[in-house]
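S.K.: File name input_26.cif; file contents mmCIF, C-alpha atoms; full text below.
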data_my_file
#
loop_
_atom_site.label_atom_id
_atom_site.label_comp_id
_atom_site.auth_asym_id
_atom_site.auth_seq_id
_atom_site.Cartn_x
_atom_site.Cartn_y
_atom_site.Cartn_z
CA MET M 1 9.79 22.13 -28.14
CA ASN M 2 7.92 18.88 -28.49
CA CYS M 3 6.85 16.10 -26.14
CA ILE M 4 9.84 13.90 -26.93
CA GLU M 5 12.25 16.68 -26.04
CA PHE M 6 10.24 17.41 -22.92
CA SER M 7 10.28 13.80 -21.77
CA GLU M 8 14.05 13.64 -22.30
CA GLN M 9 14.57 16.62 -20.01
CA VAL M 10 11.84 16.20 -17.42
CA THR M 11 14.29 14.91 -14.81
CA ALA M 12 16.60 17.90 -15.28
CA LEU M 13 13.55 20.14 -15.05
CA THR M 14 12.43 18.72 -11.71
CA THR M 15 15.84 18.42 -10.09
CA GLY M 16 16.80 22.01 -10.81
CA SER M 17 19.76 21.13 -12.98
CA MET M 18 18.33 22.83 -16.06
CA PRO M 19 19.42 26.38 -16.97
CA GLU M 20 16.87 29.06 -16.17
CA ALA M 21 16.23 30.05 -19.78
CA SER M 22 15.56 26.49 -20.87
CA ARG M 23 13.44 25.88 -17.81
CA ASP M 24 11.02 28.63 -18.79
CA GLU M 25 10.69 27.15 -22.25
CA TYR M 26 9.92 23.67 -20.91
CA LEU M 27 7.44 24.95 -18.35
CA ALA M 28 5.71 26.94 -21.07
CA HIS M 29 5.32 23.73 -23.06
CA ALA M 30 3.80 21.97 -20.04
CA GLU M 31 1.28 24.81 -19.73
CA VAL M 32 -0.20 23.95 -23.09
CA CYS M 33 0.38 20.17 -23.19
CA ALA M 34 -1.74 18.05 -20.89
CA GLY M 35 0.42 14.94 -21.32
CA CYS M 36 3.65 16.71 -20.46
CA ASP M 37 2.02 18.61 -17.62
CA ALA M 38 0.94 15.28 -16.12
CA ALA M 39 4.36 13.74 -16.77
CA LEU M 40 5.93 16.64 -14.90
CA ARG M 41 3.67 15.99 -11.91
CA GLY M 42 4.47 12.29 -12.09
CA ARG M 43 8.19 12.99 -12.15
CA ARG M 44 7.89 15.35 -9.19
CA ALA M 45 6.08 12.62 -7.29
CA MET M 46 8.88 10.16 -8.00
CA LEU M 47 11.39 12.76 -6.87
CA ALA M 48 9.49 13.11 -3.59
CA MET M 49 9.72 9.35 -3.12
CA GLU M 50 13.41 9.31 -3.97
CA ARG M 51 14.14 12.03 -1.42
CA LEU M 52 12.52 10.24 1.48
CA PRO M 53 15.04 9.29 4.13
CA VAL M 54 16.37 5.77 3.71
CA GLU M 55 15.75 3.60 6.75
CA GLN M 56 17.95 0.70 7.73
CA PRO M 57 16.40 -2.66 8.59
CA PRO M 58 16.33 -3.87 12.19
CA ALA M 59 19.46 -5.78 13.13
CA GLU M 60 18.04 -9.31 13.19
CA LEU M 61 15.49 -8.92 10.42
CA PHE M 62 17.46 -10.57 7.66
CA GLU M 63 18.29 -13.56 9.84
CA ARG M 64 14.66 -13.96 10.84
CA ILE M 65 13.32 -13.69 7.30
CA ALA M 66 16.04 -15.93 5.91
CA ALA M 67 15.18 -18.55 8.51
CA ASP M 68 11.44 -18.24 7.73
CA VAL M 69 11.65 -18.47 3.98
CA THR M 70 14.21 -21.25 3.87
CA ARG M 71 12.59 -23.38 6.56
CA SER M 72 8.99 -23.24 5.44
CA ARG M 73 6.72 -21.20 3.29
CA PRO M 74 4.46 -18.80 5.17
CA GLN M 75 0.82 -19.75 5.31
CA ARG M 76 -1.57 -17.41 3.55
CA GLY M 77 -3.79 -15.57 5.95
CA THR M 78 -1.53 -15.81 8.95
CA SER M 79 0.97 -13.03 9.42
CA ARG M 80 0.17 -11.26 6.18
CA SER M 81 -3.53 -11.36 5.60
CA PHE M 82 -5.35 -9.64 2.85
CA TRP M 83 -7.06 -6.82 4.63
CA THR M 84 -4.18 -5.19 6.36
CA GLY M 85 -2.62 -2.18 4.71
CA ALA M 86 -0.72 1.01 4.90
CA ALA M 87 -2.68 3.66 3.11
CA PHE M 88 -3.00 6.11 5.94
CA GLY M 89 0.67 6.97 6.16
CA GLY M 90 2.05 8.85 9.09
CA ALA M 91 -1.38 10.22 9.86
CA VAL M 92 -2.19 7.16 11.94
CA ALA M 93 -0.65 6.66 15.35
CA ALA M 94 1.76 3.82 15.81
CA SER M 95 0.02 2.48 18.91
CA LEU M 96 -1.82 -0.57 17.76
CA LEU M 97 -3.98 -3.17 19.39
CA ALA M 98 -4.80 -6.53 17.94
CA ILE M 99 -8.18 -8.01 18.72
CA VAL M 100 -8.88 -11.58 17.76
CA LEU M 101 -12.41 -12.68 17.04
CA MET M 102 -12.44 -16.44 17.18
CA LEU M 103 -15.15 -17.46 14.81
CA GLY M 104 -15.40 -21.16 15.42
CA VAL M 105 -17.62 -21.26 12.46
CA PHE M 106 -20.87 -20.32 14.06
CA GLU M 107 -20.99 -22.41 17.16
CA LEU M 108 -22.47 -19.60 19.18
CA PRO M 109 -26.01 -18.24 19.00
CA ALA M 110 -26.18 -15.80 16.15
CA ASP M 111 -28.23 -13.07 17.71
CA GLN M 112 -26.40 -12.57 20.99
CA PRO M 113 -23.70 -9.96 20.61
CA GLN M 114 -20.65 -10.54 22.76
CA THR M 115 -18.37 -7.83 24.01
CA VAL M 116 -15.03 -9.30 23.08
CA ALA M 117 -12.53 -6.52 23.67
CA GLU M 118 -11.96 -2.84 24.14
CA PHE M 119 -9.80 -0.44 22.21
CA TYR M 120 -8.90 3.03 23.42
CA VAL M 121 -9.58 5.75 20.90
CA SER M 122 -8.21 9.26 20.95
CA ALA M 123 -9.57 12.58 19.76
CA ASP M 124 -6.04 13.82 19.11
CA GLU M 125 -4.97 11.28 16.55
CA PRO M 126 -6.36 8.34 14.62
CA ARG M 127 -5.31 4.96 15.97
CA MET M 128 -5.16 1.83 13.90
CA MET M 129 -7.19 -1.04 15.33
CA HIS M 130 -6.40 -4.46 13.92
CA VAL M 131 -9.22 -6.96 14.15
CA ALA M 132 -8.12 -10.51 13.47
CA ILE M 133 -11.03 -12.69 12.43
CA GLU M 134 -10.25 -16.37 12.56
CA VAL M 135 -12.37 -18.93 10.80
CA ASP M 136 -11.72 -22.63 10.47
CA ARG M 137 -12.68 -22.82 6.83
CA ALA M 138 -12.81 -20.43 3.89
CA LEU M 139 -15.98 -18.34 3.66
CA PRO M 140 -16.35 -16.95 0.15
CA GLY M 141 -18.73 -14.04 -0.18
CA ALA M 142 -19.03 -13.37 3.53
CA GLU M 143 -20.93 -10.21 4.41
CA ILE M 144 -19.18 -7.95 6.89
CA SER M 145 -20.92 -5.08 8.62
CA ILE M 146 -19.55 -2.54 11.06
CA LEU M 147 -21.90 -0.39 13.07
CA LEU M 148 -20.46 2.48 15.10
CA THR M 149 -22.22 4.01 18.07
CA GLY M 150 -21.24 7.03 20.14
CA ASN M 151 -18.58 9.53 19.17
CA VAL M 152 -16.17 7.40 17.18
CA GLU M 153 -15.49 7.54 13.46
CA VAL M 154 -13.50 5.57 10.96
CA GLN M 155 -11.01 8.09 9.67
CA GLY M 156 -11.92 9.28 6.23
CA PHE M 157 -15.60 8.35 6.47
CA GLY M 158 -16.87 11.24 8.53
CA SER M 159 -20.34 10.73 9.92
CA ARG M 160 -20.94 7.36 8.29
CA ARG M 161 -22.09 5.05 11.07
CA GLU M 162 -22.52 1.81 9.21
CA LEU M 163 -20.13 0.19 6.76
CA ASN M 164 -21.13 -2.92 4.86
CA TRP M 165 -19.27 -4.93 2.30
CA SER M 166 -18.71 -8.46 1.15
CA ASP M 167 -15.44 -10.30 0.79
CA ASP M 168 -13.89 -13.73 0.78
CA LEU M 169 -12.59 -14.83 4.17
CA ASP M 170 -9.68 -17.23 4.03
CA ALA M 171 -9.42 -20.17 6.36
CA GLY M 172 -7.28 -19.01 9.25
CA VAL M 173 -6.77 -15.44 10.30
CA ASN M 174 -8.09 -12.51 8.28
CA LYS M 175 -6.93 -9.15 9.54
CA LEU M 176 -8.99 -6.01 9.13
CA SER M 177 -7.29 -2.70 9.88
CA LEU M 178 -9.45 0.27 10.82
CA PRO M 179 -8.15 3.77 11.64
CA LEU M 180 -10.42 5.04 14.43
CA VAL M 181 -10.67 8.52 15.86
CA ALA M 182 -12.91 9.97 18.56
CA SER M 183 -15.20 12.76 17.37
CA GLY M 184 -16.39 13.81 20.81
CA GLU M 185 -16.69 12.79 24.43
CA GLY M 186 -17.69 9.40 25.73
CA GLY M 187 -16.14 7.07 23.18
CA GLY M 188 -18.46 4.50 21.68
CA GLN M 189 -18.86 0.94 20.54
CA MET M 190 -18.36 -0.99 17.37
CA VAL M 191 -20.61 -3.88 16.44
CA VAL M 192 -19.07 -6.26 13.94
CA ARG M 193 -21.45 -8.58 12.14
CA LEU M 194 -20.22 -11.42 9.99
CA SER M 195 -22.78 -13.28 8.00
CA HIS M 196 -22.67 -16.09 5.54
CA PRO M 197 -25.44 -18.20 4.05
CA ASP M 198 -24.77 -20.69 6.88
CA SER M 199 -25.20 -18.32 9.79
CA GLU M 200 -24.33 -15.02 11.39
CA GLN M 201 -22.20 -13.78 14.27
CA LEU M 202 -22.20 -10.49 16.17
CA PHE M 203 -19.34 -9.08 18.21
CA VAL M 204 -19.09 -5.86 20.19
CA ILE M 205 -15.89 -3.92 20.77
CA ASP M 206 -15.98 -1.18 23.38
CA LEU M 207 -14.24 2.01 22.28
CA PRO M 208 -13.56 4.16 25.36
CA LEU M 209 -11.95 7.56 24.97
CA ASP M 210 -8.33 7.41 26.08
CA SER M 211 -8.36 10.73 27.94
CA GLU M 212 -11.34 9.64 30.04
CA VAL M 213 -9.64 6.52 31.35
CA SER M 214 -8.13 7.05 34.77
CA MET O 1 25.70 -29.31 6.61
CA SER O 2 21.98 -30.06 6.69
CA GLU O 3 19.73 -29.40 3.74
CA TYR O 4 18.20 -26.49 5.64
CA ASP O 5 21.60 -24.96 6.44
CA SER O 6 22.66 -25.34 2.84
CA ALA O 7 19.50 -23.64 1.55
CA LYS O 8 19.87 -20.82 4.04
CA SER O 9 23.53 -20.31 3.18
CA ARG O 10 22.74 -20.19 -0.52
CA PHE O 11 19.91 -17.75 0.02
CA THR O 12 22.04 -15.56 2.29
CA SER O 13 24.89 -15.36 -0.20
CA LEU O 14 22.53 -14.10 -2.89
CA VAL O 15 20.24 -11.75 -0.99
CA GLN O 16 21.92 -10.41 2.13
CA GLU O 17 24.01 -7.74 0.42
CA HIS O 18 20.87 -6.29 -1.15
CA PHE O 19 18.68 -6.54 1.92
CA SER O 20 19.17 -2.98 3.16
CA ALA O 21 18.24 -1.60 -0.25
CA LEU O 22 15.13 -3.76 -0.30
CA TYR O 23 14.08 -2.70 3.16
CA GLY O 24 14.74 0.97 2.40
CA ALA O 25 12.58 0.78 -0.71
CA ALA O 26 9.86 -1.03 1.22
CA ARG O 27 9.83 1.61 3.96
CA ARG O 28 9.32 4.32 1.36
CA LEU O 29 6.24 2.51 0.13
CA THR O 30 4.69 1.58 3.46
CA SER O 31 3.61 3.48 6.53
CA SER O 32 4.98 1.17 9.18
CA PRO O 33 8.02 -1.01 9.77
CA SER O 34 5.83 -4.11 10.10
CA ASP O 35 4.27 -3.52 6.68
CA ALA O 36 7.74 -3.03 5.22
CA GLU O 37 8.89 -6.28 6.82
CA ASP O 38 5.91 -8.11 5.34
CA LEU O 39 6.67 -6.69 1.91
CA VAL O 40 10.35 -7.61 2.14
CA GLN O 41 9.41 -11.08 3.31
CA ASP O 42 7.22 -11.49 0.22
CA VAL O 43 10.23 -10.57 -1.93
CA CYS O 44 12.53 -12.94 -0.06
CA LEU O 45 10.06 -15.76 -0.44
CA LYS O 46 9.89 -15.13 -4.18
CA ALA O 47 13.68 -14.97 -4.30
CA PHE O 48 13.95 -18.28 -2.49
CA GLU O 49 11.42 -19.89 -4.81
CA SER O 50 13.41 -18.58 -7.79
CA ILE O 51 16.84 -19.15 -6.35
CA ASP O 52 18.19 -20.97 -9.40
CA GLU O 53 17.13 -18.06 -11.62
CA LEU O 54 18.50 -15.57 -9.12
CA GLU O 55 21.92 -17.20 -9.24
CA ARG O 56 22.08 -16.65 -12.98
CA ILE O 57 21.02 -13.00 -12.90
CA GLU O 58 23.63 -10.31 -13.33
CA PHE O 59 21.61 -7.41 -11.94
CA ARG O 60 20.45 -9.18 -8.81
CA ARG O 61 19.51 -6.07 -6.87
CA ALA O 62 17.48 -4.67 -9.72
CA TRP O 63 15.68 -8.00 -10.06
CA LEU O 64 14.87 -8.04 -6.35
CA LEU O 65 13.67 -4.44 -6.44
CA LYS O 66 11.52 -5.20 -9.46
CA VAL O 67 9.91 -8.05 -7.53
CA LEU O 68 9.42 -5.71 -4.60
CA TYR O 69 7.51 -3.16 -6.69
CA HIS O 70 5.44 -5.95 -8.24
CA LYS O 71 4.60 -7.29 -4.78
CA PHE O 72 3.79 -3.77 -3.64
CA VAL O 73 1.24 -3.36 -6.43
CA ASP O 74 -0.19 -6.81 -5.64
CA ARG O 75 -0.64 -5.84 -2.02
CA ARG O 76 -2.25 -2.55 -2.94
CA ARG O 77 -4.70 -4.44 -5.13
CA GLU O 78 -5.50 -6.75 -2.24
CA ILE O 79 -5.99 -3.80 0.07
CA SER O 80 -8.39 -2.37 -2.49
CA ARG O 81 -10.75 -5.19 -1.53
CA SER O 82 -10.99 -3.65 1.93
CA PRO O 83 -13.68 -1.01 2.39
CA VAL O 84 -11.57 1.35 4.41
CA ASP O 85 -8.03 1.17 3.18
CA GLN O 86 -8.35 2.46 -0.30
CA ALA O 87 -9.39 5.09 -2.71
CA ASP O 88 -12.04 3.33 -4.76
CA THR O 89 -10.71 4.40 -8.10
CA GLY O 90 -11.76 1.34 -9.98
CA ALA O 91 -8.15 0.15 -10.05
CA ASP O 92 -7.70 -1.78 -13.28
CA SER O 93 -10.50 -0.05 -15.13
CA PHE O 94 -9.40 3.40 -14.09
CA GLU O 95 -8.85 5.70 -17.05
CA PRO O 96 -6.83 8.73 -16.04
CA GLU O 97 -7.26 10.19 -19.48
CA GLN O 98 -10.87 10.83 -18.58
CA ILE O 99 -9.92 13.18 -15.79
CA ALA O 100 -10.17 16.82 -16.67
CA ARG O 101 -7.25 19.06 -15.91
CA SER O 102 -7.84 21.28 -12.95
CA GLU O 103 -6.64 24.76 -12.11
CA ILE O 104 -6.14 23.61 -8.56
CA ARG O 105 -3.75 20.76 -8.03
CA PRO O 106 -4.84 19.09 -4.84
CA ASP O 107 -1.73 16.93 -4.75
CA GLU O 108 0.39 20.02 -4.29
CA GLN O 109 -1.61 21.15 -1.27
CA LEU O 110 -1.16 18.13 0.90
CA ASP O 111 1.37 17.83 3.64
CA GLN O 112 4.26 15.49 3.21
CA ASP O 113 2.84 12.39 4.88
CA ALA O 114 -0.46 12.65 3.12
CA ARG O 115 1.27 13.33 -0.17
CA ILE O 116 3.46 10.25 0.13
CA ALA O 117 0.42 8.15 1.04
CA GLN O 118 -1.34 9.56 -2.02
CA ILE O 119 1.64 8.83 -4.28
CA THR O 120 1.95 5.25 -3.07
CA ARG O 121 -1.78 4.77 -3.54
CA ALA O 122 -1.49 6.04 -7.11
CA MET O 123 1.54 3.83 -7.75
CA GLY O 124 -0.54 0.87 -6.62
CA ILE O 125 -3.00 1.58 -9.42
CA LEU O 126 -0.36 1.45 -12.12
CA ASN O 127 0.39 -1.61 -14.17
CA LYS O 128 2.95 -3.69 -12.27
CA ASP O 129 5.59 -3.64 -14.97
CA ASP O 130 5.13 0.07 -15.58
CA CYS O 131 5.31 0.81 -11.86
CA SER O 132 8.52 -1.16 -11.40
CA LEU O 133 10.14 0.31 -14.51
CA LEU O 134 9.34 3.85 -13.40
CA ALA O 135 10.46 3.24 -9.84
CA LEU O 136 13.71 1.58 -10.88
CA HIS O 137 14.55 4.56 -13.08
CA ASP O 138 13.17 7.50 -11.13
CA ILE O 139 13.56 6.34 -7.53
CA GLU O 140 16.29 3.72 -7.56
CA GLY O 141 18.42 5.49 -10.15
CA TYR O 142 18.92 2.74 -12.73
CA SER O 143 20.04 4.04 -16.12
CA LEU O 144 18.29 3.38 -19.40
CA ASP O 145 21.11 1.04 -20.41
CA GLU O 146 20.78 -0.94 -17.19
CA LEU O 147 17.03 -1.16 -17.63
CA GLN O 148 17.57 -2.32 -21.18
CA GLN O 149 19.73 -5.19 -19.95
CA LEU O 150 17.30 -5.99 -17.17
CA THR O 151 14.14 -5.97 -19.28
CA GLY O 152 15.35 -6.75 -22.77
CA LEU O 153 13.42 -3.75 -24.07
CA ASN O 154 15.13 -1.22 -26.32
CA THR O 155 15.79 2.21 -24.88
CA GLY O 156 13.23 3.87 -27.13
CA THR O 157 10.51 1.65 -25.75
CA ILE O 158 11.70 2.24 -22.21
CA LYS O 159 11.66 6.02 -22.70
CA SER O 160 8.19 5.86 -24.14
CA ARG O 161 6.89 3.75 -21.28
CA LEU O 162 8.50 6.01 -18.71
CA TYR O 163 6.82 9.03 -20.26
CA ARG O 164 3.41 7.34 -20.44
CA THR O 165 3.67 6.04 -16.89
CA ARG O 166 4.71 9.42 -15.50
CA SER O 167 1.78 11.01 -17.30
CA LYS O 168 -0.61 8.43 -15.93
CA LEU O 169 0.78 8.87 -12.43
CA GLY O 170 0.46 12.65 -12.72
CA ARG O 171 -3.14 12.36 -13.83
CA LEU O 172 -3.93 9.95 -11.03
CA LEU O 173 -2.46 12.36 -8.52
CA SER O 174 -4.67 15.14 -9.81
CA SER O 175 -7.82 13.08 -9.71
CA GLU O 176 -10.39 13.75 -7.07
CA ALA O 177 -10.74 10.01 -6.61
CA LEU O 178 -7.44 9.87 -4.81
CA GLN O 179 -8.17 12.76 -2.49
CA GLN O 180 -10.64 10.95 -0.27
CA PRO O 181 -10.99 7.27 0.45
CA ILE O 182 -14.35 6.18 -0.85
CA LEU O 183 -16.20 3.23 0.59
CA LYS O 184 -16.89 0.23 -1.58
CA VAL O 185 -20.29 -0.47 -0.08
CA VAL O 186 -23.18 -2.72 -0.61
CA GLY O 187 -25.28 -0.67 1.80
CA GLY O 188 -24.98 1.76 4.65
CA LYS O 189 -26.54 4.80 6.19
CA GLU O 190 -25.47 8.06 7.79
#
Show me this structure written as C-alpha cells.

M.R.:
Amino acid sequence: MNCIEFSEQVTALTTGSMPEASRDEYLAHAEVCAGCDAALRGRRAMLAMERLPVEQPPAELFERIAADVTRSRPQRGTSRSFWTGAAFGGAVAASLLAIVLMLGVFELPADQPQTVAEFYVSADEPRMMHVAIEVDRALPGAEISILLTGNVEVQGFGSRRELNWSDDLDAGVNKLSLPLVASGEGGGQMVVRLSHPDSEQLFVIDLPLDSEVS
Amino acid sequence: MSEYDSAKSRFTSLVQEHFSALYGAARRLTSSPSDAEDLVQDVCLKAFESIDELERIEFRRAWLLKVLYHKFVDRRREISRSPVDQADTGADSFEPEQIARSEIRPDEQLDQDARIAQITRAMGILNKDDCSLLALHDIEGYSLDELQQLTGLNTGTIKSRLYRTRSKLGRLLSSEALQQPILKVVGGKE
C-alpha cells in the first residue's frame, strides 16, 4: 500500500463500495500516513456535501436574474455588499430584519447617539440582523465599533461586549450581518460607531427580548 | 427584436438548462436562499460578460459550475474581512501542514448543519482552482477525462491535485482555527 494507491481508491473507501478486506488495509495505511488520513477526511467532507438534498430554484428566479444581467450590470455595494455572508449555516434563524443607517457623510453631530431602530432578539435561537450602512462616498479605512449592553451577545463571541475593526466602506450600501442571541432577560442595546479621519457617527439599536414583547 | 431581447434570448439559450444545477450547487454552499441567489447571479453576470466564450464551450455546465466555485471562494474571502462572519485562519497564508494531528477529530463531533458550515468555510480557504477542481470531481461527479478536457491538464496532474486538495481540506477541518470564529480585532474588551 502506498499513497498513490490510496488516493486512487479513497472514493471507494468512503462510499462503502470497497470490499471489507481491502478496506481494512487502506484504513491501516491512513492510520500511519498523515497525508492520506487528511485526504480521507477531505473526501468524507466532499461526500457530505454531495449528499445534501438538492434544492430547486424558485420559479421566477431565472427570469429575474436573466433580466437583471442582460439589462444592466449590478452596482457593487447594493444588493450584494461585501459584509454579508453565510457562515452560520442552519444555526441562525431565518427571520431577518434589515436596518438602514443613512450616513449622509457626517452631517449630524458626532457625539449624539441616535436610536435608529429596534431588533427583537431571542434566547432560543440566534437571529441574523442585517445592518445596511449607506454612505455617499467611499470611506477607506473606516473604523467600525460595536458596543453591546444588556444581555445580548454576538453568536460565537461569548461575553465579548465590544468589537472593533477597520474596513473599507464602499460608496452606497454596505451590509453588515450579525447573528445575535439573548443571553438573559431584558434584552439590550447595540451602539454602532463609525469613524473616519473626517468625523464620527454613533447609532443605537434597541434589542428587546422577543418573549418579553406583548 | 430589440437589442435587449436579443441579448436575453441568447443568454437564456445558453444558461437556462443549467440553471437548476447552478442553484442546487449554490444552495449546498450557502445557508440561505438569498445568499444562493446572489451567488448564482454572480455566475450569470460572469456568463453574460463571457457570452461569446460560453457559446464556444463544449462543457458549458462544467464551466458555469467552475465559475460558481470560484465566485464562492471570492465571496468567502470578502466575508473574511468581516469581524464576525469568519474563522480568522489567515486565509491565504494558512499552512495546514503546520497543524498537528489530533486524537480527537472535532469535525466528526459536530452536528450536520455545523459540519456543513465548517466544510464550506474550509473550502473557502482553498485555492480557487483547487476548490473548483475538487468540487467538480467529488461533488458534481465529473470524471477525470471530463476534467482533462475542461482544464487541459493531464489526468496525472489532476489526480495529484485532487489528492493534495483533499489532504489540505482534511487538515483544515481538523484545525482548531475552524472550530470557533475568531475576531479580527484592533481592540476590544470583555

S.K.: Can you pull out the residues contacting Asp206 of chain M? Cut-off 9 Å, using only C-alpha atoms, and skip same-chain residues under 6 positions away; I want them as a tab-separated table (two decimals) with C-alpha atoms, in the frame of the given file.

M.R.:
chain	number	residue	atom	x	y	z
M	115	THR	CA	-18.37	-7.83	24.01
M	116	VAL	CA	-15.03	-9.30	23.08
M	117	ALA	CA	-12.53	-6.52	23.67
M	118	GLU	CA	-11.96	-2.84	24.14
M	119	PHE	CA	-9.80	-0.44	22.21
M	120	TYR	CA	-8.90	3.03	23.42
M	187	GLY	CA	-16.14	7.07	23.18
M	188	GLY	CA	-18.46	4.50	21.68
M	189	GLN	CA	-18.86	0.94	20.54
M	190	MET	CA	-18.36	-0.99	17.37
M	191	VAL	CA	-20.61	-3.88	16.44

S.K.: Per residue of segment 153-174 of chain O within 9 Å of segment 4-21 of chain M, record the nearest atom pair and its distance in Å to one decimal, counting all atoms listed in the file, with rows in chain order and ascending residue number, as JSON lines.

M.R.:
{"residue": "O:Lys159", "atom": "CA", "partner": "M:Ser7", "partner_atom": "CA", "distance": 8.0}
{"residue": "O:Ser160", "atom": "CA", "partner": "M:Ser7", "partner_atom": "CA", "distance": 8.5}
{"residue": "O:Leu162", "atom": "CA", "partner": "M:Ser7", "partner_atom": "CA", "distance": 8.6}
{"residue": "O:Tyr163", "atom": "CA", "partner": "M:Ser7", "partner_atom": "CA", "distance": 6.1}

S.K.: Taking the file above as input, evaluate the PyMOL selection byres ((chain M and resi 178) around 7) and report the hits as a short mmCIF file (atom, residue, chain, number, x, y, z; two decimals) with C-alpha atoms, in the coordinates of the input.

M.R.:
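Dumped everything to result31.cif:
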data_model
loop_
_atom_site.label_atom_id
_atom_site.label_comp_id
_atom_site.auth_asym_id
_atom_site.auth_seq_id
_atom_site.Cartn_x
_atom_site.Cartn_y
_atom_site.Cartn_z
CA MET M 128 -5.16 1.83 13.90
CA MET M 129 -7.19 -1.04 15.33
CA HIS M 130 -6.40 -4.46 13.92
CA VAL M 154 -13.50 5.57 10.96
CA LEU M 176 -8.99 -6.01 9.13
CA SER M 177 -7.29 -2.70 9.88
CA PRO M 179 -8.15 3.77 11.64
CA LEU M 180 -10.42 5.04 14.43
CA VAL O 84 -11.57 1.35 4.41
#

S.K.: Looking at all atoms listed in the file, which of M:Glu162, M:Glu31, M:Glu143, M:Asp68 is the one that sits closest to chain O?

M.R.: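 Of M:Glu162, M:Glu31, M:Glu143, M:Asp68, the one nearest chain O, counting all atoms listed in the file, is M:Glu162.
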
S.K.: When you look at Thr30 of chain O with a cut-off of 12 Å (counting only C-alpha atoms), what residues show up, excluding the ones that are within fewer than 4 positions of it in the same chain? I need them as a count of residues only.

M.R.: 36

S.K.: May I ask which of the residues M:Ser22, M:Ser159, M:Asn2, M:Thr149 is the closest one to chain O, counting only C-alpha atoms?

M.R.: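 Going through M:Ser22, M:Ser159, M:Asn2, M:Thr149 one by one, the smallest distance to chain O is for M:Ser159.
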
S.K.: Run the PyMOL selection byres ((chain M and resi 161) around 9) on the file and write out the hits as JSON, numbers by chain.

M.R.: {"M": [146, 147, 148, 149, 152, 153, 154, 157, 158, 159, 160, 162, 163], "O": [188, 189, 190]}

S.K.: What would the selection look like, as a PDB file with C-alpha atoms, in the coordinates of the input, if the PyMOL selection byres ((chain M and resi 168) around 6) were run on the coordinates I just shared?

M.R.:
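Everything below was put into expr_27.pdb:
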ATOM      1  CA  LEU M 139     -15.980 -18.340   3.660  1.00  0.00           C
ATOM      2  CA  PRO M 140     -16.350 -16.950   0.150  1.00  0.00           C
ATOM      3  CA  GLY M 141     -18.730 -14.040  -0.180  1.00  0.00           C
ATOM      4  CA  ALA M 142     -19.030 -13.370   3.530  1.00  0.00           C
ATOM      5  CA  ASP M 167     -15.440 -10.300   0.790  1.00  0.00           C
ATOM      6  CA  LEU M 169     -12.590 -14.830   4.170  1.00  0.00           C
TER       7      LEU M 169
END

S.K.: Between M:Arg64, M:Ala59, M:Gly150, M:Trp165, which is the closest to chain O once you count all atoms listed in the file?

M.R.: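 The answer is M:Trp165, which sits nearest to chain O.
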
S.K.: Can you measure atom CA of Val43 of chain O to atom CA of His70 of chain O for me? One decimal in Å is fine.

M.R.: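 Pair atom CA of Val43 of chain O / atom CA of His70 of chain O returns 9.2 Å.
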
S.K.: Within 10 Å of (-22.0, -11.4, 9.8) (file coordinates; only C-alpha atoms), which protein or nucleic acid residues are there? I'd like them as a list in words.

M.R.: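 I get Phe106, Ala110, Ala142, Glu143, Ile144, Ser145, Ile146, Asn164, Ser166, Val192, Arg193, Leu194, Ser195, His196, Pro197, Ser199, Glu200, Gln201, Leu202 and Phe203 of chain M for the residues within 10 Å of that point.
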